[in-house]
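run_0.cif, holding mmCIF, C-alpha atoms:
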data_structure
#
loop_
_atom_site.label_atom_id
_atom_site.label_comp_id
_atom_site.auth_asym_id
_atom_site.auth_seq_id
_atom_site.Cartn_x
_atom_site.Cartn_y
_atom_site.Cartn_z
CA MET A 658 28.10 29.58 77.29
CA GLN A 659 28.79 32.51 74.95
CA ARG A 660 29.07 30.21 71.95
CA PHE A 661 25.86 28.42 72.93
CA LEU A 662 24.04 31.76 73.02
CA VAL A 663 25.47 32.73 69.63
CA ILE A 664 24.36 29.44 68.08
CA SER A 665 20.91 29.73 69.67
CA LEU A 666 20.53 33.29 68.40
CA ALA A 667 21.58 32.31 64.87
CA ALA A 668 19.24 29.31 64.87
CA ALA A 669 16.34 31.43 66.13
CA ILE A 670 16.91 34.15 63.50
CA GLY A 671 17.35 31.63 60.68
CA THR A 672 14.34 29.52 61.69
CA GLY A 673 12.16 32.61 62.13
CA PHE A 674 13.20 33.86 58.70
CA TYR A 675 12.48 30.48 57.14
CA PHE A 676 8.94 30.28 58.52
CA TRP A 677 8.27 33.93 57.67
CA PHE A 678 9.46 33.32 54.11
CA SER A 679 7.38 30.11 53.84
CA GLN A 680 4.24 32.06 54.75
CA MET A 681 5.02 35.07 52.56
CA VAL A 682 5.67 32.97 49.47
CA LYS A 683 2.04 31.81 49.57
CA LYS A 684 1.02 35.37 48.60
CA GLU A 685 0.85 36.16 44.90
CA SER A 686 2.34 39.63 45.43
CA PHE A 687 5.42 38.14 47.08
CA ARG A 688 5.82 35.55 44.32
CA ASN A 689 5.67 38.38 41.79
CA TYR A 690 8.38 40.16 43.76
CA ILE A 691 10.56 37.05 43.55
CA HIS A 692 10.07 36.84 39.79
CA SER A 693 11.10 40.47 39.44
CA HIS A 694 14.27 39.91 41.51
CA LEU A 695 15.49 36.58 40.17
CA TRP A 696 19.10 37.78 40.26
CA LEU A 697 18.84 37.55 44.07
CA LEU A 698 15.91 35.22 44.85
CA HIS A 699 16.04 32.58 42.14
CA PRO A 700 16.70 29.17 43.83
CA ASN A 701 20.02 28.90 42.01
CA ALA A 702 21.00 32.42 43.08
CA ILE A 703 20.19 31.54 46.69
CA CYS A 704 22.49 28.52 46.36
CA TYR A 705 25.31 30.72 45.09
CA TRP A 706 25.18 33.32 47.82
CA ARG A 707 24.54 30.93 50.70
CA GLY A 708 27.48 28.83 49.49
CA GLY A 709 29.60 31.97 49.34
CA VAL A 710 28.53 32.96 52.86
CA ALA A 711 29.49 29.50 54.13
CA ILE A 712 32.95 29.67 52.54
CA ILE A 713 33.56 33.10 54.08
CA ALA A 714 32.44 31.68 57.45
CA PHE A 715 34.89 28.80 57.06
CA PHE A 716 37.93 31.05 56.56
CA MET A 717 36.86 33.43 59.30
CA TYR A 718 36.37 30.62 61.82
CA PHE A 719 39.61 28.72 61.21
CA PHE A 720 41.93 31.54 60.15
CA SER A 721 40.89 34.53 62.24
CA PRO A 722 40.28 35.25 65.94
CA TYR A 723 36.66 36.19 65.24
CA GLN A 724 34.50 33.10 65.63
CA SER A 725 31.08 34.32 66.73
CA ILE A 726 30.36 36.04 63.41
CA PRO A 727 31.22 32.98 61.25
CA ILE A 728 29.03 30.82 63.49
CA LEU A 729 26.16 33.20 62.79
CA PHE A 730 26.94 33.12 59.07
CA PHE A 731 27.17 29.34 58.88
CA THR A 732 24.03 28.66 60.92
CA PHE A 733 22.02 31.08 58.81
CA ALA A 734 23.42 29.59 55.57
CA ALA A 735 22.51 26.08 56.75
CA ILE A 736 18.91 27.04 57.51
CA MET A 737 18.66 28.86 54.17
CA ASP A 738 19.16 25.48 52.52
CA GLY A 739 15.40 25.02 52.90
CA VAL A 740 14.50 28.41 51.40
CA ASP A 741 15.68 27.65 47.86
CA GLY A 742 13.44 24.57 47.80
CA VAL A 743 10.45 26.62 48.97
CA VAL A 744 11.05 29.16 46.19
CA ALA A 745 11.52 26.46 43.56
CA ARG A 746 8.26 24.70 44.48
CA SER A 747 6.10 27.76 45.11
CA CYS A 748 7.26 29.79 42.11
CA ASN A 749 7.80 26.88 39.71
CA LEU A 750 11.46 27.78 39.30
CA GLY A 751 13.01 24.32 39.59
CA THR A 752 15.65 23.50 36.96
CA LYS A 753 17.86 20.54 36.08
CA TRP A 754 20.88 22.67 36.92
CA GLY A 755 19.36 23.49 40.30
CA GLU A 756 18.81 19.79 40.96
CA TRP A 757 22.58 19.35 40.70
CA LEU A 758 23.57 22.69 42.22
CA ASP A 759 21.62 22.46 45.50
CA PRO A 760 23.33 19.32 46.88
CA MET A 761 26.68 20.60 45.58
CA CYS A 762 26.28 23.81 47.56
CA ASP A 763 25.32 21.74 50.61
CA LYS A 764 28.54 19.78 50.33
CA LEU A 765 30.64 22.92 49.91
CA THR A 766 28.93 24.30 53.02
CA TYR A 767 29.48 21.49 55.52
CA LEU A 768 32.47 19.47 54.21
CA PRO A 769 35.17 22.20 54.54
CA PRO A 770 34.43 22.89 58.23
CA MET A 771 34.26 19.14 58.87
CA LEU A 772 37.76 18.82 57.47
CA GLY A 773 38.82 21.80 59.57
CA PHE A 774 37.49 20.18 62.74
CA ALA A 775 39.07 16.86 61.75
CA TYR A 776 42.53 18.41 61.49
CA THR A 777 42.06 20.14 64.84
CA GLY A 778 41.31 16.78 66.45
CA LEU A 779 37.54 17.02 67.00
CA LEU A 780 36.52 14.54 64.29
CA ASP A 781 38.05 11.29 63.09
CA ILE A 782 40.04 12.24 59.98
CA ARG A 783 39.46 8.88 58.30
CA LEU A 784 35.70 9.08 58.75
CA VAL A 785 35.57 12.60 57.35
CA TRP A 786 37.53 11.59 54.26
CA ILE A 787 35.26 8.57 53.78
CA LEU A 788 32.29 10.93 53.81
CA VAL A 789 34.03 13.28 51.37
CA VAL A 790 34.70 10.42 48.93
CA ILE A 791 31.11 9.12 49.15
CA GLU A 792 29.65 12.61 48.76
CA PHE A 793 31.62 13.51 45.66
CA ALA A 794 31.23 10.04 44.18
CA GLY A 795 27.49 10.56 44.47
CA GLN A 796 27.65 14.14 43.18
CA PHE A 797 29.70 13.40 40.06
CA PHE A 798 29.93 9.71 39.16
CA ALA A 799 26.56 8.47 40.41
CA ARG A 800 24.65 11.43 38.97
CA HIS A 801 26.45 11.05 35.63
CA ILE A 802 25.51 7.36 35.47
CA LEU A 803 21.92 8.17 36.45
CA LYS A 804 21.81 10.76 33.69
CA LEU A 805 22.93 8.15 31.17
CA LEU A 806 20.22 5.84 32.49
CA LYS A 807 17.73 8.72 32.17
CA THR A 808 16.91 8.44 35.88
CA SER A 809 16.42 11.37 38.23
CA GLY A 810 19.27 12.16 40.57
CA ALA A 811 17.15 14.31 42.86
CA ALA A 812 17.78 14.07 46.58
CA ASN A 813 15.80 11.44 48.47
CA ASN A 814 14.86 11.35 52.14
CA PHE A 815 18.16 9.72 53.10
CA GLY A 816 20.09 12.55 51.48
CA LYS A 817 17.96 15.28 53.04
CA ILE A 818 18.24 13.84 56.54
CA LYS A 819 21.99 13.40 56.03
CA ALA A 820 22.38 17.04 55.00
CA ILE A 821 20.58 18.28 58.12
CA MET A 822 22.74 16.05 60.31
CA CYS A 823 25.93 17.28 58.63
CA PHE A 824 24.94 20.90 59.20
CA ALA A 825 24.09 20.11 62.83
CA LEU A 826 27.38 18.23 63.28
CA VAL A 827 29.40 21.29 62.26
CA ILE A 828 27.49 23.45 64.74
CA PHE A 829 27.93 20.78 67.42
CA CYS A 830 31.70 20.66 66.85
CA ALA A 831 31.89 24.44 67.28
CA LEU A 832 29.94 24.06 70.52
CA ILE A 833 32.05 21.30 72.08
CA GLN A 834 35.26 23.04 71.05
CA GLU A 835 34.46 25.67 73.65
CA ASN A 836 32.59 23.34 76.04
CA PRO A 837 34.56 20.05 76.26
CA TRP A 838 32.37 18.87 79.17
CA ILE A 839 29.52 18.16 76.71
CA THR A 840 29.16 14.48 75.80
CA ASP A 841 31.03 14.12 72.51
CA LEU A 842 28.79 12.40 69.93
CA SER A 843 30.61 13.82 66.93
CA ASN A 844 32.09 10.61 65.51
CA GLU A 845 28.88 8.62 66.17
CA VAL A 846 26.84 11.22 64.29
CA LEU A 847 29.48 11.34 61.56
CA THR A 848 29.18 7.56 61.14
CA ALA A 849 25.40 7.93 60.77
CA CYS A 850 25.99 10.61 58.11
CA ILE A 851 28.24 8.21 56.18
CA ILE A 852 25.59 5.46 56.28
CA LEU A 853 22.86 7.85 55.13
CA ALA A 854 25.07 9.24 52.34
CA ALA A 855 25.74 5.73 51.05
CA ALA A 856 22.04 4.79 51.34
CA SER A 857 21.08 7.92 49.42
CA ILE A 858 23.26 6.84 46.48
CA VAL A 859 22.18 3.19 46.54
CA PHE A 860 18.46 4.00 46.58
CA LYS A 861 18.80 6.20 43.49
CA PHE A 862 19.76 3.12 41.46
CA ILE A 863 16.87 0.98 42.71
CA PRO A 864 13.72 0.92 40.54
CA ASN A 865 10.93 2.83 42.25
CA ARG A 866 8.54 -0.13 42.27
CA LEU A 867 11.02 -2.12 44.41
CA TYR A 868 11.33 0.54 47.12
CA ALA A 869 8.49 -0.80 49.25
CA ASP A 870 9.63 -4.43 49.08
CA LEU A 871 13.21 -3.48 49.88
CA LEU A 872 12.14 -1.47 52.92
CA SER A 873 9.95 -4.35 54.13
CA THR A 874 12.89 -6.72 53.67
CA LEU A 875 15.13 -4.41 55.72
CA ASN A 876 12.43 -4.31 58.42
CA PHE A 877 12.38 -8.13 58.44
CA ILE A 878 16.18 -8.25 58.71
CA CYS A 879 16.00 -5.85 61.66
CA GLY A 880 13.49 -8.15 63.38
CA VAL A 881 15.66 -11.24 62.93
CA THR A 882 18.77 -9.34 64.06
CA SER A 883 16.89 -8.16 67.15
CA LEU A 884 15.97 -11.76 68.02
CA ILE A 885 19.64 -12.73 67.85
CA LEU A 886 20.72 -9.78 70.01
CA THR A 887 17.98 -10.52 72.54
CA HIS A 888 19.18 -14.13 72.76
CA GLN A 889 22.59 -12.69 73.66
CA HIS A 890 20.91 -10.50 76.33
CA ARG A 891 21.97 -7.33 74.53
CA PHE A 892 18.58 -5.74 75.07
CA ALA A 893 19.46 -2.10 74.35
CA TRP A 894 20.99 -3.02 70.99
CA ALA A 895 18.05 -5.29 70.17
CA ILE A 896 15.62 -2.47 70.88
CA CYS A 897 17.67 0.00 68.80
CA ILE A 898 17.48 -2.38 65.86
CA ILE A 899 13.70 -2.71 66.17
CA ILE A 900 13.36 1.08 66.15
CA VAL A 901 15.42 1.18 62.96
CA GLY A 902 13.02 -1.44 61.57
CA GLN A 903 10.12 0.84 62.49
CA LEU A 904 11.67 3.62 60.42
CA PHE A 905 11.77 1.25 57.44
CA ASP A 906 8.17 0.19 58.11
CA LEU A 907 7.09 3.83 58.24
CA PHE A 908 8.13 4.38 54.63
CA ASP A 909 7.31 1.08 52.91
CA GLY A 910 3.56 1.77 52.72
CA ARG A 911 4.11 5.30 51.45
CA MET A 912 6.53 4.07 48.80
CA ALA A 913 4.02 1.42 47.68
CA GLU A 914 1.32 4.07 47.32
CA LYS A 915 3.61 6.49 45.49
CA HIS A 916 5.53 4.12 43.22
CA GLY A 917 3.59 0.86 43.29
CA GLY A 918 5.13 -2.47 44.22
CA THR A 919 5.18 -6.18 43.50
CA LYS A 920 2.44 -8.72 44.19
CA PHE A 921 4.51 -10.11 47.08
CA GLY A 922 4.82 -6.73 48.79
CA PRO A 923 1.77 -6.90 51.10
CA TYR A 924 2.69 -10.40 52.31
CA LEU A 925 6.29 -9.40 52.90
CA ASP A 926 5.16 -6.36 54.86
CA ASP A 927 2.89 -8.44 57.11
CA VAL A 928 5.60 -11.03 57.78
CA ALA A 929 8.15 -8.32 58.57
CA ASP A 930 5.71 -6.59 60.95
CA PHE A 931 4.95 -9.84 62.75
CA VAL A 932 8.63 -10.63 63.26
CA SER A 933 9.79 -7.11 64.22
CA PHE A 934 6.77 -6.00 66.24
CA GLY A 935 5.48 -9.34 67.48
CA LEU A 936 8.12 -12.01 67.92
CA ALA A 937 11.04 -9.69 68.73
CA PRO A 938 9.34 -7.75 71.59
CA ALA A 939 7.81 -10.98 72.96
CA TYR A 940 11.26 -12.56 73.07
CA VAL A 941 12.52 -9.55 75.03
CA VAL A 942 9.75 -10.24 77.59
CA ILE A 943 10.69 -13.93 77.78
CA GLN A 944 14.43 -13.32 78.08
CA SER A 945 13.88 -10.64 80.73
CA GLY A 946 12.59 -13.37 83.02
CA GLY A 947 9.78 -13.10 85.50
CA ASN A 948 7.16 -15.60 86.61
CA LEU A 949 5.60 -17.34 83.62
CA ALA A 950 7.17 -14.77 81.27
CA TRP A 951 6.78 -17.13 78.32
CA ILE A 952 3.00 -17.16 78.79
CA PHE A 953 2.81 -13.36 78.74
CA GLY A 954 5.14 -13.28 75.75
CA ALA A 955 2.84 -15.70 73.95
CA ILE A 956 -0.16 -13.49 74.79
CA PHE A 957 1.63 -10.51 73.25
CA VAL A 958 2.46 -12.49 70.08
CA ALA A 959 -1.16 -13.63 69.84
CA GLY A 960 -2.31 -10.01 70.19
CA VAL A 961 -0.05 -8.83 67.38
CA ALA A 962 -1.10 -11.76 65.16
CA TRP A 963 -4.79 -11.06 65.80
CA ARG A 964 -4.23 -7.35 65.16
CA LEU A 965 -2.56 -8.00 61.79
CA ILE A 966 -5.10 -10.63 60.70
CA ARG A 967 -8.04 -8.40 61.62
CA PHE A 968 -6.47 -5.48 59.74
CA VAL A 969 -6.00 -7.53 56.54
CA THR A 970 -9.27 -9.47 56.55
CA VAL A 971 -11.71 -7.04 58.19
CA ASP A 972 -10.53 -3.46 58.71
CA LYS A 973 -9.31 -2.93 55.14
CA LYS A 974 -12.80 -3.78 53.86
CA ARG A 975 -14.75 -1.60 56.27
CA THR A 976 -16.50 1.40 54.77
CA ASP A 977 -17.17 3.05 58.14
CA LEU A 978 -13.47 3.26 58.99
CA PRO A 979 -11.87 6.33 57.38
CA ASP A 980 -8.76 5.71 55.34
CA GLY A 981 -5.71 6.47 57.44
CA VAL A 982 -7.37 5.44 60.72
CA PHE A 983 -6.45 2.27 62.63
CA ASN A 984 -8.91 0.14 64.56
CA GLY A 985 -6.82 -0.57 67.65
CA LEU A 986 -3.29 0.54 68.48
CA PRO A 987 -0.85 -0.13 65.57
CA SER A 988 1.55 -2.98 66.30
CA PRO A 989 4.70 -0.78 66.02
CA ALA A 990 3.37 1.42 68.84
CA GLY A 991 2.38 -1.65 70.84
CA ALA A 992 5.89 -3.00 70.44
CA LEU A 993 7.39 0.30 71.66
CA ILE A 994 5.34 0.12 74.87
CA VAL A 995 6.89 -3.24 75.67
CA LEU A 996 10.40 -2.31 74.55
CA GLY A 997 10.51 0.99 76.44
CA SER A 998 9.19 -0.68 79.59
CA ALA A 999 11.75 -3.49 79.28
CA LEU A 1000 14.50 -0.96 80.00
CA ILE A 1001 12.80 0.51 83.05
CA VAL A 1002 10.44 -1.82 84.94
CA SER A 1003 10.95 -5.16 86.70
CA PRO A 1004 10.48 -8.43 84.77
CA ASN A 1005 7.18 -9.26 86.51
CA LEU A 1006 5.73 -5.81 85.77
CA LEU A 1007 6.96 -6.10 82.17
CA SER A 1008 4.77 -9.17 81.72
CA PHE A 1009 1.69 -7.18 82.67
CA VAL A 1010 2.76 -4.35 80.36
CA ALA A 1011 2.88 -6.89 77.51
CA VAL A 1012 -0.71 -7.96 78.25
CA PHE A 1013 -1.82 -4.30 78.47
CA SER A 1014 -0.20 -3.54 75.11
CA ALA A 1015 -1.84 -6.58 73.49
CA ALA A 1016 -5.22 -5.52 74.86
CA ILE A 1017 -4.96 -2.02 73.35
CA MET A 1018 -3.89 -3.46 70.00
CA VAL A 1019 -6.91 -5.78 69.74
CA SER A 1020 -9.28 -3.12 71.09
CA HIS A 1021 -11.53 -0.96 68.91
CA ILE A 1022 -9.95 2.32 70.02
CA ARG A 1023 -9.17 4.32 66.89
CA PHE A 1024 -5.79 5.91 66.17
CA ALA A 1025 -4.64 8.08 63.28
CA HIS A 1026 -2.06 6.58 60.95
CA PHE A 1027 1.32 8.11 61.75
CA GLY A 1028 2.49 8.26 58.13
CA ARG A 1029 -0.73 9.09 56.31
CA ILE A 1030 -2.20 11.62 58.73
CA ILE A 1031 0.27 12.85 61.35
CA LEU A 1032 3.28 13.17 59.05
CA ARG A 1033 1.22 14.81 56.31
CA GLN A 1034 0.26 17.54 58.75
CA THR A 1035 3.91 17.97 59.73
CA PRO A 1036 5.97 20.46 57.67
CA ARG A 1037 8.62 18.62 55.67
CA PRO A 1038 11.56 20.52 57.18
CA LEU A 1039 10.27 19.68 60.65
CA PHE A 1040 9.95 16.02 59.67
CA PHE A 1041 13.58 15.89 58.54
CA VAL A 1042 14.70 17.65 61.73
CA ILE A 1043 12.75 15.16 63.86
CA SER A 1044 14.24 12.22 61.93
CA SER A 1045 17.72 13.65 62.48
CA ALA A 1046 16.98 14.18 66.18
CA ILE A 1047 15.93 10.52 66.55
CA ILE A 1048 19.20 9.34 65.01
CA VAL A 1049 21.23 11.68 67.22
CA THR A 1050 19.29 10.46 70.28
CA LEU A 1051 20.11 6.85 69.40
CA ALA A 1052 23.76 7.87 69.03
CA PHE A 1053 23.64 9.51 72.48
CA VAL A 1054 22.11 6.40 74.04
CA LEU A 1055 24.73 4.14 72.48
CA LYS A 1056 27.52 6.53 73.51
CA THR A 1057 26.41 6.92 77.13
CA LYS A 1058 24.98 3.39 77.48
CA ASN A 1059 22.13 4.90 79.53
CA ALA A 1060 19.47 2.23 78.97
CA GLU A 1061 17.01 3.75 81.43
CA LEU A 1062 17.08 7.11 79.65
CA PHE A 1063 16.50 5.24 76.38
CA GLY A 1064 13.45 3.57 77.87
CA TYR A 1065 11.95 6.89 78.98
CA PHE A 1066 12.62 8.34 75.54
CA ILE A 1067 10.73 5.47 73.89
CA LEU A 1068 7.76 5.70 76.24
CA THR A 1069 7.60 9.48 75.81
CA SER A 1070 7.44 8.97 72.04
CA VAL A 1071 4.57 6.51 72.46
CA ALA A 1072 2.74 8.93 74.77
CA LEU A 1073 3.04 11.67 72.12
CA TYR A 1074 1.64 9.28 69.51
CA PHE A 1075 -1.27 8.42 71.84
CA ILE A 1076 -2.14 12.11 72.05
CA LEU A 1077 -1.68 12.96 68.37
CA GLY A 1078 -3.11 9.66 67.17
CA ARG A 1079 -6.35 10.34 69.00
CA LYS A 1080 -6.54 14.08 68.41
CA LEU A 1081 -5.91 14.02 64.65
CA ILE A 1082 -8.53 11.41 63.72
CA PRO A 1083 -10.58 12.91 60.85
CA LYS A 1084 -14.04 13.95 61.90
CA PRO A 1085 -16.96 12.47 59.94
CA GLU A 1086 -17.63 15.69 58.04
CA GLU A 1087 -13.99 15.85 56.91
CA GLY A 1088 -14.26 12.59 55.02
CA PRO A 1089 -11.49 10.03 54.55
CA VAL A 1090 -7.88 11.01 54.24
CA GLU A 1091 -6.38 10.21 50.88
CA GLY A 1092 -3.96 7.29 51.04
#

Would you mind writing the file's structure down as structure tokens?
Amino acid sequence: MQRFLVISLAAAIGTGFYFWFSQMVKKESFRNYIHSHLWLLHPNAICYWRGGVAIIAFFMYFFSPYQSIPILFFTFAAIMDGVDGVVARSCNLGTKWGEWLDPMCDKLTYLPPMLGFAYTGLLDIRLVWILVVIEFAGQFFARHILKLLKTSGAANNFGKIKAIMCFALVIFCALIQENPWITDLSNEVLTACIILAAASIVFKFIPNRLYADLLSTLNFICGVTSLILTHQHRFAWAICIIIVGQLFDLFDGRMAEKHGGTKFGPYLDDVADFVSFGLAPAYVVIQSGGNLAWIFGAIFVAGVAWRLIRFVTVDKKRTDLPDGVFNGLPSPAGALIVLGSALIVSPNLLSFVAVFSAAIMVSHIRFAHFGRIILRQTPRPLFFVISSAIIVTLAFVLKTKNAELFGYFILTSVALYFILGRKLIPKPEEGPVEG
């Protein structure tokens, strides 16, 4: 309990400082103060001293009897990872050296304690060394190749989410070392970090205009994989895969808007959505059983098809529908209603849930776009924390095999979207939201 309180205190202090700093840096007087104290507050200087603090914390934790103080140091240093980016953006102090230095300091912050916990038996040694190899391969070899190709090696979303999860994993290991009764998710989270680290490197070599199509393809693959798992009656795994597909779907549109795409992109996106959010959930309904389940599954598929067709042929051309607002519940949310319910309710009730979901999707009830409106009003650090929390939650579900808890988690997420999706619809005087 003492260690939990120490970690909570450090997290509260660090988070409070981060938000205070984020507000202060908006003031010109504070930005002038930063420029007059660059030896301490330049983004690169912040990297140096937070990296130094983390190294001191490492030696104190593993080679001294005093462990509360290094936990405070490390937690604060981890949260300060976001401060250097705030300074760089707000004060226009970003540099090429800083682009390399920031992820290097991150690695020197979380990799040493990971190795320490591995050699004390809390983490799988092989997995930690795999992560170390991938991280330094990306830091040195991949970035050098990208430099020769005159391509940016800046961190992408995969890398940022991975860094947050690595920081959290170190804190979690310190927590379970004192409280072994806590469900140990360390190696599951470590595996997710390895996957994200590898994805971060791979995506840096992919031309920007192919991002959207690649993400749509991955969404399609998730849908097909889910159908196979559902056929094997591995419903929890099938639903996990669809949620992963939804994460890919969340970013493909944004990548298309930011970097462009190919002429096949929109068609690929629609096909992937139909498979992952139409056929896959409907097959879960059918395989779950129940009286005339195949009829209700067909109704759900028809609802998703009608929803997608109406969106492409009608809603996109409407001038009275603000950009970033859906006419009817988006098909990913409709799929989540069915999938979450599949883990909780009886087969017969699930059939009626499928019809209810289809009805809301084809309705004219308006919902804000999750990516274009809700996420844009969410601070970036909070978005990365939420993404990390989702991955950790999936790891917990897979570790504990608690399907019912998974179902409640999914339905709670949909309920939150219902509230935010309705509340954040732009009012007429606000005009359309930029896509």

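Using only C-alpha atoms, the shortest contact distance between Ser998 in chain A and any of A:Ala1060, A:Ile713, A:Leu780, A:Ala825 is found at A:Ala1060.
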
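If you count all atoms listed in the file and ignore residues fewer than 6 places along the chain from Phe720 in chain A, what sits within 12 Å of it is Ile712, Ile713, Ala714, Pro727, Pro770 and Gly773 of chain A.
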
Output the residue selection produced by the PyMOL selection byres ((chain A and resi 845-853) around 7) on the file above, formatted as a compact mmCIF listing (two decimals) with C-alpha atoms, in the coordinates of the input.
# COMPACT_ATOMS: atom_id res chain seq x y z
CA LEU A 788 32.29 10.93 53.81
CA PHE A 815 18.16 9.72 53.10
CA GLY A 816 20.09 12.55 51.48
CA LYS A 819 21.99 13.40 56.03
CA MET A 822 22.74 16.05 60.31
CA CYS A 823 25.93 17.28 58.63
CA LEU A 842 28.79 12.40 69.93
CA SER A 843 30.61 13.82 66.93
CA ASN A 844 32.09 10.61 65.51
CA ALA A 854 25.07 9.24 52.34
CA ALA A 855 25.74 5.73 51.05
CA ALA A 856 22.04 4.79 51.34
CA SER A 857 21.08 7.92 49.42
CA VAL A 1049 21.23 11.68 67.22
CA ALA A 1052 23.76 7.87 69.03

Next item on the list: Could you expand the PyMOL selection byres ((chain A and resi 964) around 10) into the explicit residues it covers here, written as number ranges by chain?
Entry: A: 931, 958-963, 965-969, 972, 984-988, 1015-1020

Any chance you can output those residues with C-alpha atoms as an mmCIF file, keeping the file's coordinate frame?
data_model
loop_
_atom_site.group_PDB
_atom_site.id
_atom_site.type_symbol
_atom_site.label_atom_id
_atom_site.label_comp_id
_atom_site.auth_asym_id
_atom_site.auth_seq_id
_atom_site.Cartn_x
_atom_site.Cartn_y
_atom_site.Cartn_z
ATOM 1 C CA PHE A 931 4.950 -9.840 62.750
ATOM 2 C CA VAL A 958 2.460 -12.490 70.080
ATOM 3 C CA ALA A 959 -1.160 -13.630 69.840
ATOM 4 C CA GLY A 960 -2.310 -10.010 70.190
ATOM 5 C CA VAL A 961 -0.050 -8.830 67.380
ATOM 6 C CA ALA A 962 -1.100 -11.760 65.160
ATOM 7 C CA TRP A 963 -4.790 -11.060 65.800
ATOM 8 C CA LEU A 965 -2.560 -8.000 61.790
ATOM 9 C CA ILE A 966 -5.100 -10.630 60.700
ATOM 10 C CA ARG A 967 -8.040 -8.400 61.620
ATOM 11 C CA PHE A 968 -6.470 -5.480 59.740
ATOM 12 C CA VAL A 969 -6.000 -7.530 56.540
ATOM 13 C CA ASP A 972 -10.530 -3.460 58.710
ATOM 14 C CA ASN A 984 -8.910 0.140 64.560
ATOM 15 C CA GLY A 985 -6.820 -0.570 67.650
ATOM 16 C CA LEU A 986 -3.290 0.540 68.480
ATOM 17 C CA PRO A 987 -0.850 -0.130 65.570
ATOM 18 C CA SER A 988 1.550 -2.980 66.300
ATOM 19 C CA ALA A 1015 -1.840 -6.580 73.490
ATOM 20 C CA ALA A 1016 -5.220 -5.520 74.860
ATOM 21 C CA ILE A 1017 -4.960 -2.020 73.350
ATOM 22 C CA MET A 1018 -3.890 -3.460 70.000
ATOM 23 C CA VAL A 1019 -6.910 -5.780 69.740
ATOM 24 C CA SER A 1020 -9.280 -3.120 71.090
#

Note to self: Please determine, counting only C-alpha atoms, which residue among A:Ala955, A:Cys897, A:Ala950, A:Leu1000 has the shortest atom-to-atom distance to Leu1051 in chain A.
What the structure shows: A:Cys897

Margin query: Report, in Å to a single decimal, how far apart CA of Ala939 in chain A and CA of Thr887 in chain A are.
Written below: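 Result for CA of Thr887 in chain A versus CA of Ala939 in chain A: 10.2 Å, one decimal.
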
Notebook entry, point to check: Closest to His888 in chain A among A:Tyr940, A:Phe661, A:Phe797, A:Tyr1065, using all atoms listed in the file?
Noted result: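 Of all the options, A:Tyr940 lies closest to His888 in chain A.
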